[in-house]
$ cat input-v6.csv   # CSV, C-alpha atoms
chain,number,residue,atom,x,y,z
A,165,MET,CA,-6.1,-8.2,17.5
A,166,THR,CA,-4.7,-11.6,16.8
A,167,PRO,CA,-2.2,-13.3,19.1
A,168,GLU,CA,0.5,-12.9,16.4
A,169,THR,CA,-0.1,-9.2,16.2
A,170,ALA,CA,-0.1,-8.9,20.0
A,171,THR,CA,3.3,-10.6,20.0
A,172,ALA,CA,4.7,-8.3,17.3
A,173,LEU,CA,3.3,-4.9,18.3
A,174,PRO,CA,2.3,-3.1,21.5
A,175,HIS,CA,-1.4,-2.8,22.1
A,176,THR,CA,-1.8,1.0,22.5
A,177,PRO,CA,-0.7,3.5,19.9
A,178,LEU,CA,1.5,6.4,21.0
A,179,ILE,CA,-1.0,9.1,19.6
A,180,SER,CA,-4.6,8.6,18.6
A,181,LEU,CA,-6.8,11.6,17.8
A,182,THR,CA,-9.9,12.7,15.9
A,183,TRP,CA,-10.3,16.1,14.3
A,184,THR,CA,-13.7,17.7,13.3
A,185,ASP,CA,-13.7,20.2,10.4
A,186,HIS,CA,-15.4,23.4,11.6
A,187,VAL,CA,-16.7,24.1,8.0
A,188,THR,CA,-18.3,20.8,7.0
A,189,GLY,CA,-18.4,18.8,10.3
A,190,ARG,CA,-16.5,16.0,8.6
A,191,GLN,CA,-14.0,14.1,10.7
A,192,GLY,CA,-10.3,13.1,10.2
A,193,HIS,CA,-8.1,10.8,12.2
A,194,LEU,CA,-4.4,10.4,12.9
A,195,VAL,CA,-2.8,7.5,14.7
A,196,ILE,CA,0.9,7.3,15.4
A,197,ASP,CA,1.6,3.8,16.4
A,198,ARG,CA,5.3,4.1,17.2
A,199,LEU,CA,8.2,6.5,16.6
A,200,VAL,CA,11.7,5.4,15.6
A,201,ARG,CA,14.3,8.1,16.0
A,202,GLY,CA,11.4,10.4,16.7
A,203,VAL,CA,9.6,9.9,13.3
A,204,SER,CA,6.8,7.8,11.9
A,205,SER,CA,5.7,7.0,8.4
A,206,GLY,CA,2.2,6.3,6.9
A,207,GLY,CA,0.0,7.6,4.1
A,208,LEU,CA,-3.2,9.6,4.3
A,209,ARG,CA,-6.4,8.2,2.9
A,210,MET,CA,-9.7,9.8,2.1
A,211,ARG,CA,-12.9,7.8,1.9
A,212,GLU,CA,-16.4,8.1,3.0
A,213,GLY,CA,-16.9,6.1,6.2
A,214,CYS,CA,-13.2,6.1,7.3
A,215,THR,CA,-13.0,5.4,11.1
A,216,LEU,CA,-10.5,5.8,13.8
A,217,ASP,CA,-10.3,2.0,14.3
A,218,GLU,CA,-9.6,1.6,10.6
A,219,VAL,CA,-6.7,4.1,10.8
A,220,ALA,CA,-5.4,2.5,14.0
A,221,GLY,CA,-5.2,-0.9,12.2
A,222,LEU,CA,-3.4,0.7,9.3
A,223,ALA,CA,-0.9,2.4,11.6
A,224,ARG,CA,-0.1,-0.9,13.2
A,225,GLY,CA,0.4,-2.3,9.7
A,226,MET,CA,2.8,0.5,8.9
A,227,THR,CA,5.0,-0.3,11.9
A,228,MET,CA,5.1,-3.9,10.5
A,229,LYS,CA,5.9,-2.8,7.0
A,230,GLU,CA,8.8,-0.6,8.2
A,231,ALA,CA,10.2,-3.4,10.3
A,232,LEU,CA,9.9,-5.9,7.5
A,233,HIS,CA,12.2,-3.9,5.2
A,234,TYR,CA,14.9,-3.3,7.8
A,235,ASP,CA,18.3,-3.9,6.4
A,236,PRO,CA,21.2,-3.3,8.8
A,237,GLU,CA,23.5,-2.6,5.8
A,238,GLY,CA,21.2,-0.2,4.1
A,239,ARG,CA,21.1,3.6,4.3
A,240,TYR,CA,17.3,3.5,4.9
A,241,ILE,CA,16.6,3.2,8.6
A,242,PRO,CA,13.0,2.0,9.3
A,243,LEU,CA,10.7,4.6,10.9
A,244,GLY,CA,7.7,4.0,13.2
A,245,GLY,CA,4.2,3.4,11.8
A,246,ALA,CA,1.4,5.9,11.5
A,247,LYS,CA,-1.7,6.6,9.3
A,248,GLY,CA,-4.1,9.4,8.6
A,249,GLY,CA,-7.7,9.1,7.4
A,250,ILE,CA,-10.4,11.6,6.4
A,251,ASP,CA,-14.1,10.6,6.4
A,252,CYS,CA,-15.1,12.2,3.1
A,253,ASP,CA,-15.7,11.1,-0.5
A,254,PRO,CA,-12.7,12.3,-2.5
A,255,ARG,CA,-15.1,13.2,-5.3
A,256,ASP,CA,-17.1,15.6,-3.1
A,257,PRO,CA,-16.7,19.2,-4.2
A,258,GLU,CA,-15.7,20.1,-0.6
A,259,ALA,CA,-13.1,17.4,-0.4
A,260,TYR,CA,-10.1,19.5,-1.2
A,261,GLY,CA,-11.0,22.2,1.3
A,262,VAL,CA,-11.4,19.5,3.9
A,263,LEU,CA,-8.0,18.1,3.0
A,264,VAL,CA,-6.3,21.5,3.4
A,265,ARG,CA,-7.9,22.2,6.7
A,266,TYR,CA,-7.0,18.7,8.0
A,267,LEU,CA,-3.4,19.1,7.0
A,268,ARG,CA,-3.3,22.6,8.6
A,269,ALA,CA,-4.7,21.1,11.8
A,270,MET,CA,-2.1,18.3,11.7
A,271,ARG,CA,0.7,20.6,10.8
A,272,PRO,CA,2.6,20.3,14.2
A,273,HIS,CA,2.6,16.5,13.9
A,274,ILE,CA,3.7,16.6,10.2
A,275,GLU,CA,6.4,19.0,10.9
A,276,ARG,CA,8.0,16.9,13.7
A,277,PHE,CA,6.7,13.3,13.9
A,278,TRP,CA,4.6,12.1,10.9
A,279,THR,CA,5.7,11.7,7.3
A,280,THR,CA,2.8,11.1,5.0
A,281,GLY,CA,1.8,10.8,1.3
A,282,GLU,CA,-0.9,9.5,-1.0
A,283,ASP,CA,-3.1,6.6,-0.1
A,284,LEU,CA,-6.6,5.5,-1.0
A,285,GLY,CA,-8.6,8.4,-2.6
A,286,LEU,CA,-5.7,10.8,-2.9
A,287,THR,CA,-2.8,11.3,-5.3
A,288,GLN,CA,0.6,12.6,-4.3
A,289,ASP,CA,0.2,15.7,-6.5
A,290,LEU,CA,-3.0,16.6,-4.6
A,291,VAL,CA,-1.4,15.9,-1.2
A,292,ASP,CA,1.6,18.1,-2.1
A,293,ARG,CA,-0.6,21.0,-3.3
A,294,ALA,CA,-2.8,20.8,-0.2
A,295,ALA,CA,0.3,20.6,2.0
A,296,ALA,CA,1.8,23.8,0.5
A,297,GLU,CA,-1.6,25.6,1.0
A,298,ALA,CA,-1.6,24.4,4.6
A,299,GLY,CA,1.8,26.0,5.2
A,300,LEU,CA,3.9,22.9,5.2
A,301,VAL,CA,7.4,22.6,3.6
A,302,SER,CA,6.6,19.0,2.6
A,303,SER,CA,4.4,16.1,3.7
A,304,ILE,CA,7.6,14.3,4.7
A,305,GLN,CA,9.6,17.1,6.3
A,306,ALA,CA,9.8,15.4,9.6
A,307,VAL,CA,12.3,13.0,8.2
A,308,TYR,CA,14.7,15.7,6.9
A,309,PRO,CA,16.7,16.0,10.1
A,310,LEU,CA,17.6,12.3,9.7
A,311,LEU,CA,19.2,12.7,6.3
A,312,ASP,CA,22.9,13.1,5.7
A,313,ASP,CA,22.5,15.6,2.9
A,314,GLU,CA,18.9,17.0,2.8
A,315,ALA,CA,19.3,19.0,-0.4
A,316,ALA,CA,20.7,16.0,-2.3
A,317,ALA,CA,18.1,13.6,-0.9
A,318,ARG,CA,15.2,16.0,-1.8
A,319,ARG,CA,16.5,16.4,-5.3
A,320,ARG,CA,16.9,12.6,-5.7
A,321,LEU,CA,13.3,12.1,-4.7
A,322,ALA,CA,12.0,14.9,-6.8
A,323,ASP,CA,13.9,13.5,-9.8
A,324,ALA,CA,12.4,10.1,-9.2
A,325,PHE,CA,8.8,11.5,-9.0
A,326,ALA,CA,9.5,13.2,-12.4
A,327,VAL,CA,10.3,9.8,-14.1
A,328,ASP,CA,7.7,8.5,-16.5
A,329,VAL,CA,7.6,4.9,-17.6
A,330,ASP,CA,5.4,4.3,-20.7
A,331,GLY,CA,2.9,6.9,-19.5
A,332,ILE,CA,2.8,6.2,-15.8
A,333,GLY,CA,5.0,7.8,-13.1
A,334,LEU,CA,7.6,5.8,-11.4
A,335,ASP,CA,6.1,6.6,-8.0
A,336,GLU,CA,2.8,5.0,-9.1
A,337,LEU,CA,4.6,1.9,-10.5
A,338,ALA,CA,6.7,1.1,-7.4
A,339,GLY,CA,4.0,-0.4,-5.3
A,340,GLY,CA,2.5,-2.4,-8.2
A,341,CYS,CA,5.9,-3.8,-9.0
A,342,GLY,CA,6.1,-5.1,-5.4
A,343,VAL,CA,2.6,-6.7,-5.6
A,344,ALA,CA,3.4,-8.4,-8.9
A,345,GLU,CA,6.7,-9.7,-7.6
A,346,SER,CA,4.9,-11.2,-4.5
A,347,VAL,CA,2.5,-13.0,-6.9
A,348,LEU,CA,5.3,-14.2,-9.1
A,349,THR,CA,7.3,-15.5,-6.1
A,350,ALA,CA,4.2,-17.5,-4.9
A,351,LEU,CA,3.7,-19.0,-8.4
A,352,ASP,CA,7.4,-19.9,-8.7
A,353,ARG,CA,7.4,-21.7,-5.3
A,354,ALA,CA,4.3,-23.7,-6.4
A,355,GLY,CA,5.9,-24.5,-9.8
A,356,VAL,CA,3.1,-22.7,-11.7
A,357,PRO,CA,4.1,-21.1,-15.0
A,358,HIS,CA,3.5,-17.4,-15.4
A,359,ALA,CA,2.2,-17.6,-18.9
A,360,GLY,CA,-1.5,-18.1,-18.9
A,361,THR,CA,-2.1,-17.7,-15.2
A,362,ARG,CA,-5.3,-15.8,-14.8
A,363,VAL,CA,-5.7,-12.8,-12.6
A,364,SER,CA,-8.7,-10.8,-11.4
A,365,VAL,CA,-8.0,-7.3,-10.0
A,366,GLN,CA,-10.4,-5.2,-7.9
A,367,GLY,CA,-9.5,-1.5,-8.3
A,368,PHE,CA,-7.7,0.1,-11.2
A,369,GLY,CA,-6.1,3.1,-9.6
A,370,THR,CA,-2.5,3.5,-8.7
A,371,MET,CA,-1.9,0.1,-7.1
A,372,GLY,CA,-4.3,-2.0,-9.1
A,373,GLY,CA,-3.4,-0.5,-12.5
A,374,ALA,CA,0.4,-0.9,-11.9
A,375,THR,CA,0.0,-4.4,-10.6
A,376,ALA,CA,-2.0,-5.4,-13.7
A,377,ARG,CA,0.6,-3.9,-16.0
A,378,PHE,CA,3.5,-5.8,-14.4
A,379,LEU,CA,1.6,-9.1,-14.3
A,380,ALA,CA,0.5,-8.8,-17.9
A,381,ARG,CA,4.0,-8.0,-19.0
A,382,ALA,CA,5.2,-11.1,-17.1
A,383,GLY,CA,2.8,-13.2,-19.3
A,384,LEU,CA,-0.2,-13.5,-16.9
A,385,LYS,CA,-3.7,-12.9,-18.2
A,386,ILE,CA,-5.7,-10.2,-16.6
A,387,VAL,CA,-9.2,-11.7,-17.0
A,388,ALA,CA,-11.2,-9.3,-14.8
A,389,VAL,CA,-10.8,-5.7,-13.7
A,390,ALA,CA,-13.3,-4.1,-11.3
A,391,ASP,CA,-13.9,-0.3,-10.8
A,392,VAL,CA,-16.8,1.7,-9.4
A,393,LYS,CA,-18.9,1.1,-12.5
A,394,GLY,CA,-18.6,-2.7,-12.4
A,395,THR,CA,-16.4,-5.5,-13.6
A,396,ILE,CA,-14.9,-5.8,-17.0
A,397,VAL,CA,-14.0,-9.4,-18.1
A,398,HIS,CA,-12.5,-11.3,-20.9
A,399,PRO,CA,-11.6,-15.0,-20.6
A,400,ASP,CA,-8.6,-14.7,-22.9
A,401,GLY,CA,-7.3,-11.6,-21.1
A,402,LEU,CA,-8.1,-7.8,-21.2
A,403,ASP,CA,-6.0,-5.2,-23.1
A,404,VAL,CA,-4.4,-3.8,-19.9
A,405,GLU,CA,-2.5,-1.0,-21.7
A,406,ALA,CA,-5.7,0.2,-23.4
A,407,LEU,CA,-7.6,0.2,-20.1
A,408,LEU,CA,-4.8,2.1,-18.3
A,409,ALA,CA,-4.9,4.7,-21.0
A,410,ALA,CA,-8.7,5.0,-20.6
A,411,ARG,CA,-8.9,5.4,-16.8
A,412,ASP,CA,-9.5,8.7,-15.0
A,413,ALA,CA,-7.8,10.0,-11.8
A,414,TYR,CA,-9.8,7.7,-9.6
A,415,GLY,CA,-9.1,4.5,-11.6
A,416,THR,CA,-12.5,4.4,-13.4
A,417,VAL,CA,-12.2,3.1,-17.0
A,418,ASP,CA,-14.0,4.8,-19.8
A,419,ARG,CA,-16.2,2.1,-21.3
A,420,ALA,CA,-15.8,3.5,-24.8
A,421,ALA,CA,-12.3,2.0,-24.8
A,422,LEU,CA,-13.6,-1.6,-24.4
A,423,ARG,CA,-13.3,-4.1,-27.2
A,424,ALA,CA,-16.4,-5.6,-28.8
A,425,ASP,CA,-15.9,-8.9,-27.0
A,426,ASP,CA,-15.1,-7.5,-23.6
A,427,ARG,CA,-18.1,-8.0,-21.2
A,428,GLU,CA,-19.4,-6.0,-18.3
A,429,LEU,CA,-20.6,-7.7,-15.1
A,430,PRO,CA,-21.7,-6.4,-11.7
A,431,GLY,CA,-19.1,-4.9,-9.4
A,432,ASP,CA,-18.6,-7.9,-7.2
A,433,ALA,CA,-18.1,-10.3,-10.1
A,434,TRP,CA,-14.3,-10.0,-9.7
A,435,LEU,CA,-14.5,-12.2,-6.6
A,436,SER,CA,-15.9,-15.2,-8.4
A,437,ALA,CA,-14.0,-14.7,-11.6
A,438,ASP,CA,-12.4,-17.8,-13.2
A,439,ALA,CA,-9.0,-16.8,-12.0
A,440,ASP,CA,-6.0,-18.3,-10.3
A,441,VAL,CA,-5.1,-15.1,-8.4
A,442,LEU,CA,-7.3,-12.4,-6.9
A,443,VAL,CA,-5.7,-8.9,-6.3
A,444,PRO,CA,-8.0,-6.8,-4.1
A,445,ALA,CA,-6.4,-3.3,-4.7
A,446,ALA,CA,-9.2,-0.9,-3.8
A,447,VAL,CA,-10.9,-0.8,-0.4
A,448,SER,CA,-10.5,-2.4,3.0
A,449,TYR,CA,-12.9,-5.1,4.2
A,450,ALA,CA,-13.7,-6.3,0.6
A,451,VAL,CA,-13.7,-10.0,1.4
A,452,ASP,CA,-15.9,-11.1,4.3
A,453,ALA,CA,-17.2,-14.4,5.7
A,454,GLY,CA,-20.1,-14.4,3.3
A,455,ASN,CA,-18.7,-13.5,-0.1
A,456,GLN,CA,-15.5,-15.5,0.4
A,457,ALA,CA,-17.6,-18.6,-0.5
A,458,GLY,CA,-17.7,-17.6,-4.1
A,459,ILE,CA,-13.9,-17.4,-4.5
A,460,THR,CA,-12.2,-20.2,-6.5
A,461,ALA,CA,-8.8,-18.6,-6.9
A,462,ARG,CA,-5.7,-20.3,-5.3
A,463,TRP,CA,-4.1,-17.1,-4.1
A,464,ILE,CA,-5.3,-13.7,-2.9
A,465,ALA,CA,-2.6,-11.0,-3.0
A,466,GLU,CA,-3.6,-8.1,-0.7
A,467,ALA,CA,-2.6,-5.0,-2.7
A,468,ALA,CA,-5.1,-2.9,-0.7
A,469,ASN,CA,-4.8,-2.4,3.1
A,470,MET,CA,-6.9,-4.9,5.1
A,471,PRO,CA,-9.1,-6.1,2.3
A,472,VAL,CA,-9.7,-9.6,3.7
A,473,LEU,CA,-11.4,-9.8,7.1
A,474,PRO,CA,-9.9,-12.2,9.6
A,475,GLU,CA,-12.9,-14.6,9.7
A,476,ALA,CA,-12.9,-14.7,5.9
A,477,GLU,CA,-9.2,-15.5,5.9
A,478,ASP,CA,-9.7,-18.4,8.3
A,479,LEU,CA,-12.4,-19.8,6.0
A,480,LEU,CA,-10.2,-19.4,2.9
A,481,ALA,CA,-7.3,-21.1,4.6
A,482,ALA,CA,-9.5,-24.0,5.4
A,483,ARG,CA,-10.4,-24.3,1.7
A,484,GLY,CA,-6.7,-24.2,0.7
A,485,ILE,CA,-6.7,-20.6,-0.5
A,486,THR,CA,-3.6,-18.7,0.4
A,487,VAL,CA,-3.8,-15.0,1.4
A,488,LEU,CA,-0.6,-13.1,0.8
A,489,PRO,CA,-0.9,-10.4,3.5
A,490,ASP,CA,-1.0,-6.7,2.9
A,491,VAL,CA,1.9,-5.9,5.3
A,492,VAL,CA,4.2,-7.7,2.9
A,493,VAL,CA,2.5,-7.5,-0.5
A,494,ASN,CA,1.9,-3.7,-0.7
A,495,SER,CA,4.9,-2.6,1.3
A,496,ALA,CA,7.1,-1.6,-1.7
A,497,THR,CA,5.5,1.8,-2.1
A,498,ASN,CA,6.6,3.0,1.3
A,499,ALA,CA,10.0,1.3,1.0
A,500,TRP,CA,10.7,2.9,-2.4
A,501,TRP,CA,10.2,6.4,-1.0
A,502,TRP,CA,12.8,5.8,1.7
A,503,TRP,CA,15.2,3.8,-0.4
A,504,THR,CA,15.2,6.7,-2.8
A,505,LEU,CA,15.3,9.5,-0.2
A,506,PHE,CA,18.1,7.9,1.9
A,507,GLY,CA,20.1,7.0,-1.2
A,508,ASP,CA,20.0,3.2,-1.5
A,509,ILE,CA,18.7,3.7,-5.0
A,510,GLY,CA,18.7,6.6,-7.5
A,511,ALA,CA,16.0,8.1,-9.7
A,512,ASP,CA,16.3,5.4,-12.3
A,513,PRO,CA,13.4,3.0,-13.1
A,514,ASP,CA,15.5,0.0,-13.9
A,515,GLU,CA,17.5,0.4,-10.7
A,516,ALA,CA,14.3,0.9,-8.7
A,517,PHE,CA,12.4,-2.1,-10.2
A,518,ALA,CA,15.5,-4.3,-9.7
A,519,HIS,CA,15.8,-3.3,-6.1
A,520,ILE,CA,12.1,-3.8,-5.4
A,521,ARG,CA,12.1,-7.2,-7.1
A,522,ARG,CA,15.1,-8.4,-5.1
A,523,SER,CA,13.8,-7.1,-1.8
A,524,MET,CA,10.2,-8.3,-2.3
A,525,ARG,CA,11.2,-11.7,-3.5
A,526,ALA,CA,13.5,-12.2,-0.5
A,527,LEU,CA,10.8,-11.1,1.9
A,528,VAL,CA,8.0,-13.2,0.4
A,529,GLU,CA,10.3,-16.2,0.2
A,530,GLN,CA,11.2,-15.7,3.9
A,531,VAL,CA,7.5,-15.4,4.9
A,532,LEU,CA,6.2,-18.3,2.9
A,533,THR,CA,9.1,-20.5,4.0
A,534,ARG,CA,8.4,-19.7,7.6
A,535,ALA,CA,4.6,-20.4,7.1
A,536,GLU,CA,5.4,-23.8,5.7
A,537,ARG,CA,7.9,-24.6,8.5
A,538,ASP,CA,5.5,-23.5,11.2
A,539,GLY,CA,2.3,-24.9,9.6
A,540,THR,CA,0.7,-21.5,9.8
A,541,THR,CA,-0.6,-18.7,7.5
A,542,PRO,CA,1.6,-16.2,5.7
A,543,ARG,CA,0.1,-13.5,7.8
A,544,ALA,CA,1.1,-15.2,11.0
A,545,ALA,CA,4.5,-15.9,9.6
A,546,ALA,CA,4.9,-12.2,8.7
A,547,HIS,CA,4.0,-11.3,12.3
A,548,GLY,CA,6.7,-13.7,13.4
A,549,VAL,CA,9.3,-12.0,11.3
A,550,VAL,CA,8.2,-8.6,12.7
A,551,ALA,CA,8.4,-9.9,16.2
A,552,ASP,CA,12.0,-11.0,15.6
A,553,ARG,CA,13.0,-7.7,14.1
A,554,LEU,CA,11.3,-5.1,16.3
A,555,PRO,CA,13.5,-5.8,19.4
A,556,VAL,CA,16.6,-5.4,17.2
A,557,ILE,CA,15.3,-2.1,15.8
A,558,ALA,CA,14.2,-0.8,19.2
A,559,ALA,CA,17.6,-1.8,20.8
A,560,ARG,CA,19.5,0.0,18.1
A,561,PHE,CA,17.4,3.1,17.6
A,562,GLY,CA,14.8,3.3,20.4
A,563,TRP,CA,11.1,3.5,19.9
A,564,TYR,CA,10.4,7.1,21.0
A,565,ALA,CA,13.5,9.1,20.1

$ encode --input "input-v6.csv" --output "structure tokens"
Amino acid sequence: MTPETATALPHTPLISLTWTDHVTGRQGHLVIDRLVRGVSSGGLRMREGCTLDEVAGLARGMTMKEALHYDPEGRYIPLGGAKGGIDCDPRDPEAYGVLVRYLRAMRPHIERFWTTGEDLGLTQDLVDRAAAEAGLVSSIQAVYPLLDDEAAARRRLADAFAVDVDGIGLDELAGGCGVAESVLTALDRAGVPHAGTRVSVQGFGTMGGATARFLARAGLKIVAVADVKGTIVHPDGLDVEALLAARDAYGTVDRAALRADDRELPGDAWLSADADVLVPAAVSYAVDAGNQAGITARWIAEAANMPVLPEAEDLLAARGITVLPDVVVNSATNAWWWWTLFGDIGADPDEAFAHIRRSMRALVEQVLTRAERDGTTPRAAAHGVVADRLPVIAARFGWYA
């Protein structure tokens, strides 16, 4: 834990547990970092190798994300942070059964304390189906007692999830809109034109695909996209919409959709691509002290959770490469859920995107301004913003109830 994190967050989570599936022997984890008004928020991921330490770090990050979007005038009141994780390959034939049994085991926590949803390896449709099979009303039912009008709020969120924007659901696009706005804010502060700025994206699932769409539509060139099969590159920019139409549920692109002059390179080629911006949007710990040496981009926008290891970030900063931190960059997905449910926005894509852009631009501006003022990294500046806000939230709402 860095000094900045220690300042912003307590060291010990409120609840930390590991579950073992009696059928397969696979393990799942739940960490509730903090409760605000008795409730916490954080997605559920499924990936082979997921650990309790990983989930604990993600839960701390969720407490930060909630605090960063605190608006005393908004209807949405930040929740505490939490996270769930299952050590299983989501493509495994047994994965769905493991998911159902995990949710059944976690049912008391989900009913009262923990609101959850899709994360790495899972889609919201799959989580919803498994939650129903596990006997849950909803994966976010713990927050229902905090709503002024539960029926209206649930209808509003259901309507929002039903919205399709050019072939992609609004729920999938919200997070990518936030990542893209973070990148655009950094470019604007540096006086760099959007048109022609080159971007390399690792991961082409929900977050990576949506980010690529928003950045391409803003005039940037997506010159590299990496999935489990490798890295697809084109120096003049890939056809993002064609790639989006050709991907499967896990973000893997059907190579039959590639143009004749698109090239295929090894999976790690996205790191050293000739790009101005890197967007790691797949797995944690993707950039380490070794492979960071091949990065020539000026910015890294952390669309995934914890993709850049601390020692790598230190080395990148020494080379003048700015890491826009995950707790800021990818926070719009979580915030969009609550803005919609609590009624700050309706089930309208234009309203949602406008609200996301305003909120993310203000937040990124605040963090980058503080980093410049204090001579520190954006991550340390974000921790400072959280450290300022947590006492205010705790004093108004209390940590535990």

$ closest_residue --input "input-v6.csv" --among "A:Asp312, A:Glu230, A:Glu529, A:Asp538" --to "A:Leu348" --atoms "all atoms listed in the file"
A:Glu529

$ closest_residue --input "input-v6.csv" --among "A:Asp432, A:Asp328, A:Met226, A:Leu263" --to "A:Ala296" --atoms "all atoms listed in the file"
A:Leu263

$ atom_distance --input "input-v6.csv" --atom1 "atom CA of A:Ala382" --atom2 "atom CA of A:Thr361"
10.0 Å

$ closest_residue --input "input-v6.csv" --among "A:Gly431, A:Gly221, A:Gly342, A:Gly207" --to "A:Thr395" --atoms "all atoms listed in the file"
A:Gly431

$ atom_distance --input "input-v6.csv" --atom1 "atom CA of A:Gly244" --atom2 "atom CA of A:Ala450"
26.9 Å

$ residues_near_point --input "input-v6.csv" --point "(5.3, -17.8, 10.9)" --cutoff "9 Å" --atoms "only C-alpha atoms" --output "list in words"
Glu168, Val531, Leu532, Thr533, Arg534, Ala535, Glu536, Arg537, Asp538, Gly539, Thr540, Thr541, Pro542, Arg543, Ala544, Ala545, Ala546, His547, Gly548 and Val549 of chain A

$ atom_distance --input "input-v6.csv" --atom1 "atom CA of A:Ala499" --atom2 "atom CA of A:Val441"
24.2 Å

$ residues_around --input "input-v6.csv" --residues "A:Met371" --least-positions-apart "6" --cutoff "12 Å" --atoms "all atoms listed in the file" --output "VMD selection string"
chain A and resid 282 to 285 287 332 to 344 365 377 to 378 408 414 to 415 443 to 447 465 to 469 493 to 497

$ residues_around --input "input-v6.csv" --residues "A:Pro399" --least-positions-apart "4" --cutoff "10 Å" --atoms "only C-alpha atoms" --output "JSON, numbers by chain"
{"A": [362, 385, 386, 387, 388, 425, 426, 427, 437, 438, 439]}

$ residues_around --input "input-v6.csv" --residues "A:Leu527" --least-positions-apart "3" --cutoff "8 Å" --atoms "only C-alpha atoms" --output "list of chain:residue names"
A:Leu232, A:Val492, A:Ser523, A:Met524, A:Gln530, A:Val531

$ closest_atom_pairs --input "input-v6.csv" --of "stretch 291-401 of chain A" --to "stretch 265-278 of chain A" --cutoff "6 Å" --atoms "only C-alpha atoms" --output "CSV"
residue,atom,partner,partner_atom,distance
A:Ala298,CA,A:Arg268,CA,4.7
A:Gln305,CA,A:Glu275,CA,5.9
A:Ala306,CA,A:Arg276,CA,4.7

$ write_last_selection --input "input-v6.csv" --atoms "C-alpha atoms" --output "tab-separated table (two decimals), keeping the file's coordinate frame"
chain	number	residue	atom	x	y	z
A	298	ALA	CA	-1.60	24.40	4.60
A	305	GLN	CA	9.60	17.10	6.30
A	306	ALA	CA	9.80	15.40	9.60

$ closest_residue --input "input-v6.csv" --among "A:Ala359, A:Asp403, A:Asp352, A:Asp323" --to "A:Gly373" --atoms "all atoms listed in the file"
A:Asp403

$ closest_residue --input "input-v6.csv" --among "A:Asp391, A:Asp508, A:Glu515, A:Asp412" --to "A:Ala317" --atoms "only C-alpha atoms"
A:Asp508

$ residues_around --input "input-v6.csv" --residues "A:Glu218" --least-positions-apart "6" --cutoff "9 Å" --atoms "all atoms listed in the file" --output "list in words"
Gly249, Ser448 and Met470 of chain A

$ axis_aligned_box --input "input-v6.csv" --around "stretch 372-387 of chain A" --padding-each-side "4 Å" --output "lines of an AutoDock Vina configuration file"
center_x = -2.0
center_y = -7.0
center_z = -14.2
size_x = 22.4
size_y = 21.0
size_z = 18.2

$ residues_near_point --input "input-v6.csv" --point "(-10.6, -20.7, 3.0)" --cutoff "12 Å" --atoms "only C-alpha atoms" --output "VMD selection string"
chain A and resid 451 to 464 472 to 487 541

$ write_last_selection --input "input-v6.csv" --atoms "C-alpha atoms" --output "compact mmCIF listing (two decimals), in the frame of the given file"
# COMPACT_ATOMS: atom_id res chain seq x y z
CA VAL A 451 -13.70 -10.00 1.40
CA ASP A 452 -15.90 -11.10 4.30
CA ALA A 453 -17.20 -14.40 5.70
CA GLY A 454 -20.10 -14.40 3.30
CA ASN A 455 -18.70 -13.50 -0.10
CA GLN A 456 -15.50 -15.50 0.40
CA ALA A 457 -17.60 -18.60 -0.50
CA GLY A 458 -17.70 -17.60 -4.10
CA ILE A 459 -13.90 -17.40 -4.50
CA THR A 460 -12.20 -20.20 -6.50
CA ALA A 461 -8.80 -18.60 -6.90
CA ARG A 462 -5.70 -20.30 -5.30
CA TRP A 463 -4.10 -17.10 -4.10
CA ILE A 464 -5.30 -13.70 -2.90
CA VAL A 472 -9.70 -9.60 3.70
CA LEU A 473 -11.40 -9.80 7.10
CA PRO A 474 -9.90 -12.20 9.60
CA GLU A 475 -12.90 -14.60 9.70
CA ALA A 476 -12.90 -14.70 5.90
CA GLU A 477 -9.20 -15.50 5.90
CA ASP A 478 -9.70 -18.40 8.30
CA LEU A 479 -12.40 -19.80 6.00
CA LEU A 480 -10.20 -19.40 2.90
CA ALA A 481 -7.30 -21.10 4.60
CA ALA A 482 -9.50 -24.00 5.40
CA ARG A 483 -10.40 -24.30 1.70
CA GLY A 484 -6.70 -24.20 0.70
CA ILE A 485 -6.70 -20.60 -0.50
CA THR A 486 -3.60 -18.70 0.40
CA VAL A 487 -3.80 -15.00 1.40
CA THR A 541 -0.60 -18.70 7.50

$ closest_residue --input "input-v6.csv" --among "A:Thr416, A:Ser303, A:Ser180, A:Thr227" --to "A:Thr215" --atoms "all atoms listed in the file"
A:Ser180
